[in-house]
Every structure is written in C-alpha cells, then in structure tokens.
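Below is start_26.cif, which holds mmCIF, C-alpha atoms.
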data_protein
loop_
_atom_site.label_atom_id
_atom_site.label_comp_id
_atom_site.auth_asym_id
_atom_site.auth_seq_id
_atom_site.Cartn_x
_atom_site.Cartn_y
_atom_site.Cartn_z
CA MET A 1 10.13 3.02 -4.45
CA LEU A 2 13.84 2.22 -4.66
CA ARG A 3 13.92 1.44 -0.95
CA TYR A 4 11.04 -1.03 -1.41
CA ILE A 5 12.83 -2.75 -4.31
CA PHE A 6 16.04 -2.95 -2.28
CA TRP A 7 14.33 -4.61 0.69
CA ARG A 8 12.38 -6.98 -1.55
CA VAL A 9 15.57 -8.07 -3.32
CA LEU A 10 17.27 -8.47 0.04
CA ALA A 11 14.42 -10.67 1.30
CA ILE A 12 14.76 -13.02 -1.70
CA PHE A 13 18.27 -14.17 -0.80
CA PRO A 14 17.48 -16.07 2.44
CA LEU A 15 14.46 -17.68 0.76
CA ALA A 16 16.56 -18.76 -2.21
CA LEU A 17 19.24 -20.09 0.14
CA MET A 18 16.67 -22.12 2.06
CA ILE A 19 15.20 -23.52 -1.15
CA SER A 20 18.64 -24.52 -2.42
CA PHE A 21 19.34 -26.32 0.88
CA ILE A 22 16.07 -28.24 0.61
CA ALA A 23 16.82 -29.19 -3.00
CA PHE A 24 20.30 -30.37 -2.06
CA ILE A 25 19.22 -32.37 0.99
CA LEU A 26 16.94 -34.47 -1.22
CA LEU A 27 20.07 -36.25 -2.37
CA GLU A 28 20.70 -37.33 1.23
CA LEU A 29 17.12 -38.57 1.57
CA ALA A 30 17.24 -40.59 -1.64
CA PRO A 31 16.18 -44.24 -1.16
CA SER A 32 19.22 -45.52 -3.07
CA ASP A 33 22.88 -44.63 -3.31
CA PRO A 34 23.35 -42.01 -6.07
CA ALA A 35 26.72 -43.53 -6.92
CA GLU A 36 25.12 -46.94 -7.49
CA VAL A 37 22.33 -45.36 -9.54
CA ALA A 38 24.86 -43.54 -11.73
CA LEU A 39 26.71 -46.81 -12.35
CA ARG A 40 23.59 -48.79 -13.22
CA VAL A 41 22.32 -46.07 -15.57
CA ASN A 42 25.60 -46.28 -17.47
CA GLU A 43 25.42 -50.11 -17.48
CA ILE A 44 28.42 -50.54 -15.19
CA VAL A 45 28.44 -53.37 -12.66
CA PRO A 46 28.18 -51.72 -9.21
CA THR A 47 31.07 -53.48 -7.48
CA PRO A 48 32.27 -52.03 -4.16
CA GLU A 49 35.35 -50.63 -5.88
CA ALA A 50 33.25 -49.05 -8.68
CA ILE A 51 30.81 -47.56 -6.16
CA GLU A 52 33.66 -46.10 -4.13
CA GLY A 53 35.21 -44.61 -7.26
CA MET A 54 31.90 -43.10 -8.35
CA ARG A 55 31.30 -41.65 -4.88
CA HIS A 56 34.70 -39.98 -5.11
CA GLU A 57 33.91 -38.70 -8.62
CA LEU A 58 30.58 -37.25 -7.47
CA GLY A 59 32.14 -35.82 -4.32
CA LEU A 60 29.94 -37.92 -2.04
CA ASP A 61 32.90 -38.85 0.14
CA LYS A 62 33.16 -35.25 1.40
CA PRO A 63 31.33 -33.91 4.49
CA PHE A 64 27.73 -32.80 3.92
CA PHE A 65 28.17 -29.05 4.38
CA THR A 66 31.34 -29.07 2.27
CA ARG A 67 29.41 -30.70 -0.57
CA TYR A 68 26.55 -28.23 -0.17
CA PHE A 69 28.90 -25.25 -0.24
CA LEU A 70 30.68 -26.56 -3.36
CA TRP A 71 27.34 -27.30 -5.06
CA LEU A 72 26.05 -23.83 -4.18
CA MET A 73 29.17 -22.10 -5.50
CA ALA A 74 28.94 -24.14 -8.70
CA GLY A 75 25.25 -23.23 -8.98
CA PHE A 76 26.13 -19.54 -9.05
CA GLN A 77 28.10 -20.41 -12.21
CA LEU A 78 25.11 -22.41 -13.58
CA ASP A 79 26.98 -25.66 -13.05
CA PHE A 80 24.54 -28.19 -11.58
CA GLY A 81 26.60 -31.25 -12.34
CA THR A 82 26.27 -33.92 -15.01
CA SER A 83 23.10 -35.81 -15.82
CA PHE A 84 23.19 -39.49 -14.88
CA LEU A 85 21.11 -40.40 -17.94
CA THR A 86 22.77 -38.44 -20.74
CA ARG A 87 26.22 -37.78 -19.25
CA THR A 88 25.93 -34.15 -20.39
CA PRO A 89 25.85 -31.02 -18.19
CA VAL A 90 22.47 -30.50 -16.57
CA ILE A 91 22.32 -26.85 -17.59
CA GLN A 92 22.69 -27.81 -21.27
CA GLU A 93 19.78 -30.24 -21.03
CA MET A 94 17.60 -27.65 -19.27
CA LEU A 95 18.45 -24.85 -21.70
CA ARG A 96 17.59 -27.16 -24.58
CA ALA A 97 14.20 -28.07 -23.08
CA LEU A 98 13.28 -24.63 -21.70
CA PRO A 99 12.27 -22.81 -24.95
CA PRO A 100 9.51 -25.32 -25.88
CA THR A 101 8.15 -25.10 -22.33
CA LEU A 102 8.16 -21.29 -22.39
CA TRP A 103 6.38 -21.37 -25.75
CA LEU A 104 3.75 -23.73 -24.37
CA ALA A 105 3.27 -21.76 -21.12
CA SER A 106 3.07 -18.38 -22.88
CA THR A 107 0.50 -19.71 -25.36
CA ALA A 108 -1.55 -21.13 -22.49
CA LEU A 109 -1.38 -17.77 -20.70
CA PHE A 110 -2.53 -16.04 -23.89
CA PHE A 111 -5.51 -18.40 -24.19
CA THR A 112 -6.36 -17.84 -20.53
CA ILE A 113 -6.41 -14.06 -20.87
CA ILE A 114 -8.34 -13.84 -24.14
CA LEU A 115 -10.99 -16.24 -22.81
CA ALA A 116 -11.27 -15.12 -19.18
CA LEU A 117 -11.33 -11.37 -19.83
CA PRO A 118 -14.36 -11.15 -22.18
CA LEU A 119 -16.24 -13.75 -20.13
CA ALA A 120 -15.65 -11.72 -16.95
CA LEU A 121 -16.88 -8.54 -18.70
CA TRP A 122 -19.95 -10.40 -19.90
CA CYS A 123 -20.70 -11.66 -16.38
CA VAL A 124 -20.23 -8.24 -14.77
CA ALA A 125 -22.41 -6.51 -17.37
CA LYS A 126 -25.36 -8.64 -16.21
CA PRO A 127 -24.53 -10.01 -12.74
CA GLN A 128 -26.65 -12.85 -11.35
CA SER A 129 -28.33 -13.29 -14.73
CA PHE A 130 -28.87 -16.67 -16.37
CA THR A 131 -25.85 -16.10 -18.62
CA ASP A 132 -23.67 -15.16 -15.66
CA LYS A 133 -24.65 -18.30 -13.76
CA CYS A 134 -24.15 -20.56 -16.79
CA ILE A 135 -20.68 -19.17 -17.51
CA ARG A 136 -19.62 -19.51 -13.88
CA PHE A 137 -20.94 -23.08 -13.73
CA ILE A 138 -19.08 -24.13 -16.89
CA VAL A 139 -15.76 -22.65 -15.79
CA PHE A 140 -16.25 -24.18 -12.32
CA VAL A 141 -16.56 -27.61 -13.93
CA LEU A 142 -13.47 -26.97 -16.07
CA THR A 143 -11.51 -25.90 -12.99
CA ALA A 144 -12.53 -29.08 -11.14
CA ILE A 145 -11.33 -31.38 -13.96
CA PRO A 146 -7.60 -32.23 -13.82
CA ASN A 147 -5.66 -30.89 -16.78
CA TYR A 148 -4.52 -34.36 -17.83
CA TRP A 149 -8.19 -35.38 -18.24
CA LEU A 150 -8.79 -32.24 -20.27
CA GLY A 151 -5.78 -33.16 -22.37
CA LEU A 152 -7.10 -36.66 -23.02
CA LEU A 153 -10.55 -35.31 -23.88
CA LEU A 154 -9.05 -32.81 -26.31
CA ILE A 155 -6.95 -35.53 -27.93
CA TRP A 156 -10.00 -37.75 -28.42
CA GLY A 157 -12.41 -35.02 -29.51
CA VAL A 158 -10.32 -32.59 -31.55
CA ALA A 159 -7.38 -34.65 -32.78
CA VAL A 160 -8.77 -38.19 -33.14
CA TYR A 161 -12.52 -37.75 -33.78
CA LEU A 162 -12.44 -34.48 -35.74
CA ASP A 163 -8.86 -34.82 -37.00
CA TRP A 164 -8.30 -31.06 -36.87
CA LEU A 165 -4.98 -30.76 -35.07
CA PRO A 166 -1.84 -32.87 -34.52
CA VAL A 167 -1.90 -35.08 -31.43
CA SER A 168 1.67 -34.99 -30.20
CA GLY A 169 5.15 -33.63 -30.73
CA MET A 170 6.29 -30.22 -31.90
CA LEU A 171 6.07 -30.76 -35.64
CA SER A 172 4.29 -27.51 -36.57
CA PRO A 173 3.01 -24.28 -34.97
CA GLN A 174 -0.45 -25.89 -34.70
CA SER A 175 1.00 -28.56 -32.40
CA VAL A 176 0.99 -26.13 -29.45
CA ILE A 177 -2.76 -25.44 -29.58
CA LEU A 178 -4.08 -28.62 -27.90
CA PRO A 179 -1.56 -28.79 -25.01
CA ALA A 180 -1.89 -25.04 -24.42
CA LEU A 181 -5.69 -25.34 -24.29
CA ALA A 182 -5.48 -28.28 -21.89
CA LEU A 183 -3.15 -26.25 -19.68
CA SER A 184 -5.17 -23.02 -19.79
CA LEU A 185 -8.74 -24.26 -19.34
CA GLY A 186 -8.20 -24.94 -15.64
CA TYR A 187 -6.94 -21.38 -15.05
CA ILE A 188 -9.81 -19.63 -16.84
CA GLY A 189 -12.16 -20.19 -13.91
CA THR A 190 -9.62 -18.79 -11.45
CA TYR A 191 -9.13 -15.58 -13.43
CA LEU A 192 -12.82 -15.25 -14.19
CA ARG A 193 -13.72 -15.33 -10.50
CA LEU A 194 -10.87 -12.97 -9.64
CA LEU A 195 -11.73 -10.39 -12.32
CA ARG A 196 -15.47 -10.67 -11.76
CA GLY A 197 -15.11 -10.11 -8.01
CA ALA A 198 -12.73 -7.17 -8.49
CA MET A 199 -14.96 -5.50 -11.08
CA LEU A 200 -18.14 -5.97 -9.03
CA ASN A 201 -16.33 -4.41 -6.09
CA GLN A 202 -15.39 -1.41 -8.26
CA TRP A 203 -19.05 -0.83 -9.17
CA HIS A 204 -19.64 0.53 -5.64
CA GLN A 205 -16.74 2.99 -5.68
CA PRO A 206 -17.49 6.75 -5.61
CA TYR A 207 -15.92 7.43 -9.01
CA VAL A 208 -18.47 5.07 -10.64
CA PHE A 209 -21.40 7.02 -9.19
CA TYR A 210 -19.75 10.24 -10.38
CA ALA A 211 -19.32 8.82 -13.89
CA LYS A 212 -22.97 7.74 -13.95
CA ALA A 213 -24.01 11.20 -12.79
CA ARG A 214 -22.16 12.66 -15.77
CA GLY A 215 -24.28 10.48 -18.05
CA LEU A 216 -21.61 7.99 -19.14
CA PRO A 217 -23.10 4.65 -20.30
CA ASP A 218 -22.46 1.57 -18.19
CA ASN A 219 -20.51 -0.23 -20.93
CA LEU A 220 -18.11 2.68 -21.27
CA ILE A 221 -17.63 2.90 -17.49
CA LEU A 222 -17.00 -0.83 -17.36
CA ARG A 223 -14.42 -0.92 -20.15
CA ARG A 224 -12.62 2.38 -19.54
CA HIS A 225 -12.58 2.70 -15.75
CA ILE A 226 -13.67 -0.41 -13.87
CA LEU A 227 -11.65 -2.87 -15.97
CA ARG A 228 -8.45 -0.82 -15.69
CA ASN A 229 -8.71 -0.47 -11.90
CA SER A 230 -9.60 -4.15 -11.51
CA LEU A 231 -6.53 -5.25 -13.46
CA TYR A 232 -4.26 -3.66 -10.85
CA SER A 233 -5.41 -6.13 -8.20
CA SER A 234 -5.03 -9.02 -10.65
CA LEU A 235 -1.42 -8.36 -11.63
CA THR A 236 0.06 -10.41 -8.78
CA ALA A 237 -2.14 -13.42 -9.51
CA LEU A 238 -1.31 -13.11 -13.20
CA GLY A 239 2.41 -13.05 -12.52
CA MET A 240 2.26 -15.98 -10.10
CA SER A 241 0.40 -18.04 -12.69
CA ILE A 242 3.39 -17.97 -15.06
CA PRO A 243 5.62 -20.27 -12.94
CA LYS A 244 2.50 -22.32 -12.10
CA LEU A 245 1.89 -22.81 -15.81
CA ILE A 246 5.52 -23.80 -16.34
CA ALA A 247 5.35 -26.26 -13.44
CA GLY A 248 1.99 -27.54 -14.70
CA THR A 249 3.53 -28.55 -18.00
CA VAL A 250 5.02 -31.65 -16.34
CA VAL A 251 1.92 -33.78 -16.97
CA ILE A 252 0.73 -32.06 -20.15
CA GLU A 253 4.10 -32.40 -21.88
CA ASN A 254 4.13 -36.13 -21.24
CA ILE A 255 0.57 -36.58 -22.53
CA PHE A 256 1.28 -34.66 -25.74
CA ALA A 257 4.93 -35.80 -26.10
CA TRP A 258 6.03 -32.17 -25.93
CA PRO A 259 9.86 -31.95 -25.72
CA GLY A 260 10.02 -29.51 -22.82
CA ILE A 261 11.41 -29.23 -19.34
CA GLY A 262 8.40 -30.95 -17.76
CA ARG A 263 8.99 -34.09 -19.80
CA LEU A 264 12.67 -33.85 -18.91
CA CYS A 265 11.70 -33.77 -15.21
CA ILE A 266 9.54 -36.91 -15.49
CA SER A 267 12.37 -38.74 -17.26
CA ALA A 268 14.73 -37.66 -14.49
CA ILE A 269 12.36 -38.90 -11.78
CA PHE A 270 11.89 -42.33 -13.36
CA GLY A 271 15.61 -42.57 -14.15
CA ARG A 272 16.62 -41.31 -10.67
CA ASP A 273 18.66 -38.55 -12.26
CA TYR A 274 19.29 -36.70 -8.99
CA PRO A 275 21.32 -33.75 -10.39
CA MET A 276 18.53 -33.03 -12.88
CA ILE A 277 15.83 -33.26 -10.19
CA GLN A 278 17.76 -30.90 -7.91
CA ALA A 279 18.21 -28.35 -10.68
CA TYR A 280 14.52 -28.55 -11.67
CA ILE A 281 13.30 -27.96 -8.09
CA LEU A 282 15.68 -25.02 -7.69
CA LEU A 283 14.71 -23.49 -11.05
CA MET A 284 10.95 -23.70 -10.43
CA SER A 285 11.29 -22.24 -6.94
CA LEU A 286 13.41 -19.33 -8.16
CA LEU A 287 10.88 -18.65 -10.91
CA PHE A 288 8.14 -18.32 -8.28
CA LEU A 289 10.26 -15.87 -6.28
CA PHE A 290 11.25 -13.85 -9.35
CA PHE A 291 7.75 -13.44 -10.78
CA ASN A 292 6.30 -12.66 -7.37
CA PHE A 293 8.88 -9.88 -6.97
CA LEU A 294 8.37 -8.66 -10.55
CA MET A 295 4.59 -8.42 -10.24
CA ASP A 296 4.85 -6.59 -6.91
CA VAL A 297 7.12 -3.99 -8.50
CA ILE A 298 4.90 -3.62 -11.59
CA GLN A 299 1.81 -3.29 -9.43
CA MET A 300 3.46 -0.59 -7.34
CA MET A 301 4.56 1.30 -10.46
CA ALA A 302 1.07 1.06 -11.95
CA ASP A 303 -0.86 2.06 -8.82
CA PRO A 304 0.13 5.46 -7.30
CA ARG A 305 -1.72 4.62 -4.07
CA LEU A 306 0.75 1.83 -3.29
CA ARG A 307 3.71 4.15 -3.91
CA ARG A 308 2.32 6.65 -1.42
CA GLU A 309 1.88 3.94 1.20
#

Rewrite the structure of this file - the entire thing - as structure tokens.
Amino acid sequence: MLRYIFWRVLAIFPLALMISFIAFILLELAPSDPAEVALRVNEIVPTPEAIEGMRHELGLDKPFFTRYFLWLMAGFQLDFGTSFLTRTPVIQEMLRALPPTLWLASTALFFTIILALPLALWCVAKPQSFTDKCIRFIVFVLTAIPNYWLGLLLIWGVAVYLDWLPVSGMLSPQSVILPALALSLGYIGTYLRLLRGAMLNQWHQPYVFYAKARGLPDNLILRRHILRNSLYSSLTALGMSIPKLIAGTVVIENIFAWPGIGRLCISAIFGRDYPMIQAYILLMSLLFLFFNFLMDVIQMMADPRLRRE
C-alpha cells in the first residue's frame, strides 16, 4: 500500500512539471505583447520606452528558460505574479474567488448524488421495464443539452416565470440552487449509466445467488450488497467529476453572475490577463491530478482485492 502511494506520488511530479511548462509557454504563443497589454489595461500609452520598461518589469527581457525557472520557483511559493487587470497578486484574486466556486461545485455534486443514486436503484430493481427506459431517456436528453442551455431554461422557468428563486448573484443561500442544478443535471445521466451498469453486473456474481438461496429479498440484496460493491468501481469517476465540476463552472458562473473562479477566468481571457490565465490552467490541471490520485488511494483502501493485487 505505502509502496503504491509512493510511486503514484512520484509519477505526479513529471506530469505537473509538463503541465506547468505548457501553461507557461502560452505566454510565448500569445497573439499580442504582454507588456503592451499590461500598459493598455492600466491606460498607459504604449510608447517604445514604456513597452521596454514594462518588459523589464515583467522579466520578459530574460531568456525563456530563465523566465520559466523563475516562474516555477515562484509558483512553489504560490506567487504567480500580478494581475494585469486589478494590479493585485494573482493568488489573492484566486483565493477570494475559490470559496464560492467550491460551494457551487459541492452543491452540484450533492444534487448529482441524491438524484442519480435513487434513480439507478429504481432502474436496476426493474431492468428493461417501461420506467427504466423512461428514466434513461430523460437523463440522456439532459446529458445531451449543454449546461448553459439548462441554466437559461432554469432562469426562465423557475426564476422568471414561477419567481421561486433568485436569478443571479450570491445574495442568499437559495442563490446557489439554480446554478448548482444547471451544473449537476448533465452529470446525472453519466452517474446513472455508470451505477446501473455496475449494479446489473453485480447481479450475476456468485454471492448474489448465495444470498438468494438463503432467502434474502431482492431489495435487501440490492441495497446492502450490490450497491456497496458497485460504489467501489464508481469512486474514481466520482472523484474525477469534482475538478470537472469546478472547471464547468466557467460558463455557469457567468450566466448566473456567480462571483467565483470561473467568472474570474472569463474576465481574464477577455482582458488578456495572462498571469491569471496561466495560474487558472495550472490550478485546474493540478486539481485533476490530485483528485485522481486521491480516489485511487481511497478505492484501494476500500477494496481489499486491489490491495492484494
């Protein structure tokens, strides 16, 4: 177990290094001079002298690999430079916007689980029935609709037409319901298919036939045995959905005017705030690596068969 964790941690470092290099090289591939962009954002006339001074201030006059090494060393200290738009450290802006995004993503994950799990149990209890086919068709349609369309439909139906919930902002705890629903509805179909397939596969395992031979009812076998064993195979997908949900907030936060890191990213893209864009790409990529590693370890701890292998 410890040897597996050691090698998994060791494998993360070259991947993280490669991701950081890709994020940094985007600055070199930018269509405009970052020094000129920084001057224009701060309403300074980009004269040749001003551009040269800004390039020196940003360290753009140094060789490429020297700049990358300095940026990487500063990143280990959570120093990703200064935002072109706000003239404040990037890490401060991201730490300010991260809690609302985590709140939104965790609420969306909660909605996904409490909706997908009972629906999957319902489908497995009567596979290939009319109810099973209807549920699968509805969630298939929801999965096919982009989340921004779901967000607009929820705004029109629930907030405007019915006037039940606030439309935008983070003014009250109820404000998170609509954006979280818009974010989660697309993932319900994914988890429903995953859980349904895993549970149907468990129905043909020897322990199920043994439980039936002992006279246990099907509902008890499904809830106590099949569901628990099916959740093991779903842990990795569940963990990987967390950074996907966080990355998916980019569009939803802008539709609902949610003051999170996704909205911060869109503002950075339109404002050509290169330090902020670099930090966002690096943060999202590291989140994927971290949760993938975390779910692998949890799955191994929960399933003795994997530890023996």

(request) Could you state which residues are captured by the PyMOL selection byres ((chain A and resi 261-264) around 7) in this file, as an MDAnalysis selection string? (result) chainID A and resid 94 97:98 101 249:250 253:254 259:260 265:268

(message) Counting all atoms listed in the file, find residues at most 12 Å from (14.5, -30.9, -11.4) (file frame) and give them as a ChimeraX atom specification.
(response) /A:20,23-24,26-27,80,83,90-91,93-94,247,250,261-270,272-285

(request) Find the spatial neighbours of stretch 35-40 of chain A, counting all atoms listed in the file, within a cut-off of 6 Å - ignore same-chain residues fewer than 5 positions away - and output them as a list in words. (result)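 Selected residues are Pro46, Ile51, Met54, Arg55 and Phe84 of chain A.
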
Next, write the just-selected residues to a file, as an mmCIF file, in the coordinates of the input, keeping C-alpha atoms as the atom set.
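Dumped to out20.cif:
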data_model
loop_
_atom_site.group_PDB
_atom_site.id
_atom_site.type_symbol
_atom_site.label_atom_id
_atom_site.label_comp_id
_atom_site.auth_asym_id
_atom_site.auth_seq_id
_atom_site.Cartn_x
_atom_site.Cartn_y
_atom_site.Cartn_z
ATOM 1 C CA PRO A 46 28.180 -51.720 -9.210
ATOM 2 C CA ILE A 51 30.810 -47.560 -6.160
ATOM 3 C CA MET A 54 31.900 -43.100 -8.350
ATOM 4 C CA ARG A 55 31.300 -41.650 -4.880
ATOM 5 C CA PHE A 84 23.190 -39.490 -14.880
#

(message) For a quick check of understanding, using all atoms listed in the file, which of A:Leu121, A:Met73, A:Ala50, A:Leu245 has the smallest distance to A:Arg223?
(response)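 Closest to A:Arg223, using all atoms listed in the file: A:Leu121.
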
Residues matched by the PyMOL selection byres ((chain A and resi 225) around 12), written as a PDB file with C-alpha atoms, in the coordinates of the input:
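Okay, part33.pdb is ready:
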ATOM      1  CA  MET A 199     -14.960  -5.500 -11.080  1.00  0.00           C
ATOM      2  CA  GLN A 202     -15.390  -1.410  -8.260  1.00  0.00           C
ATOM      3  CA  TRP A 203     -19.050  -0.830  -9.170  1.00  0.00           C
ATOM      4  CA  GLN A 205     -16.740   2.990  -5.680  1.00  0.00           C
ATOM      5  CA  PRO A 206     -17.490   6.750  -5.610  1.00  0.00           C
ATOM      6  CA  TYR A 207     -15.920   7.430  -9.010  1.00  0.00           C
ATOM      7  CA  VAL A 208     -18.470   5.070 -10.640  1.00  0.00           C
ATOM      8  CA  PHE A 209     -21.400   7.020  -9.190  1.00  0.00           C
ATOM      9  CA  TYR A 210     -19.750  10.240 -10.380  1.00  0.00           C
ATOM     10  CA  ALA A 211     -19.320   8.820 -13.890  1.00  0.00           C
ATOM     11  CA  LYS A 212     -22.970   7.740 -13.950  1.00  0.00           C
ATOM     12  CA  LEU A 216     -21.610   7.990 -19.140  1.00  0.00           C
ATOM     13  CA  PRO A 217     -23.100   4.650 -20.300  1.00  0.00           C
ATOM     14  CA  ASP A 218     -22.460   1.570 -18.190  1.00  0.00           C
ATOM     15  CA  ASN A 219     -20.510  -0.230 -20.930  1.00  0.00           C
ATOM     16  CA  LEU A 220     -18.110   2.680 -21.270  1.00  0.00           C
ATOM     17  CA  ILE A 221     -17.630   2.900 -17.490  1.00  0.00           C
ATOM     18  CA  LEU A 222     -17.000  -0.830 -17.360  1.00  0.00           C
ATOM     19  CA  ARG A 223     -14.420  -0.920 -20.150  1.00  0.00           C
ATOM     20  CA  ARG A 224     -12.620   2.380 -19.540  1.00  0.00           C
ATOM     21  CA  ILE A 226     -13.670  -0.410 -13.870  1.00  0.00           C
ATOM     22  CA  LEU A 227     -11.650  -2.870 -15.970  1.00  0.00           C
ATOM     23  CA  ARG A 228      -8.450  -0.820 -15.690  1.00  0.00           C
ATOM     24  CA  ASN A 229      -8.710  -0.470 -11.900  1.00  0.00           C
ATOM     25  CA  SER A 230      -9.600  -4.150 -11.510  1.00  0.00           C
ATOM     26  CA  LEU A 231      -6.530  -5.250 -13.460  1.00  0.00           C
ATOM     27  CA  TYR A 232      -4.260  -3.660 -10.850  1.00  0.00           C
TER      28      TYR A 232
END

Stretch 212-226 of chain A, all listed atoms, 6 Å padding on each side: what axis-aligned box centre and edge lengths in Å to one decimal come out, as JSON?
{"center_x": -18.4, "center_y": 5.9, "center_z": -17.0, "size_x": 23.7, "size_y": 25.6, "size_z": 20.5}
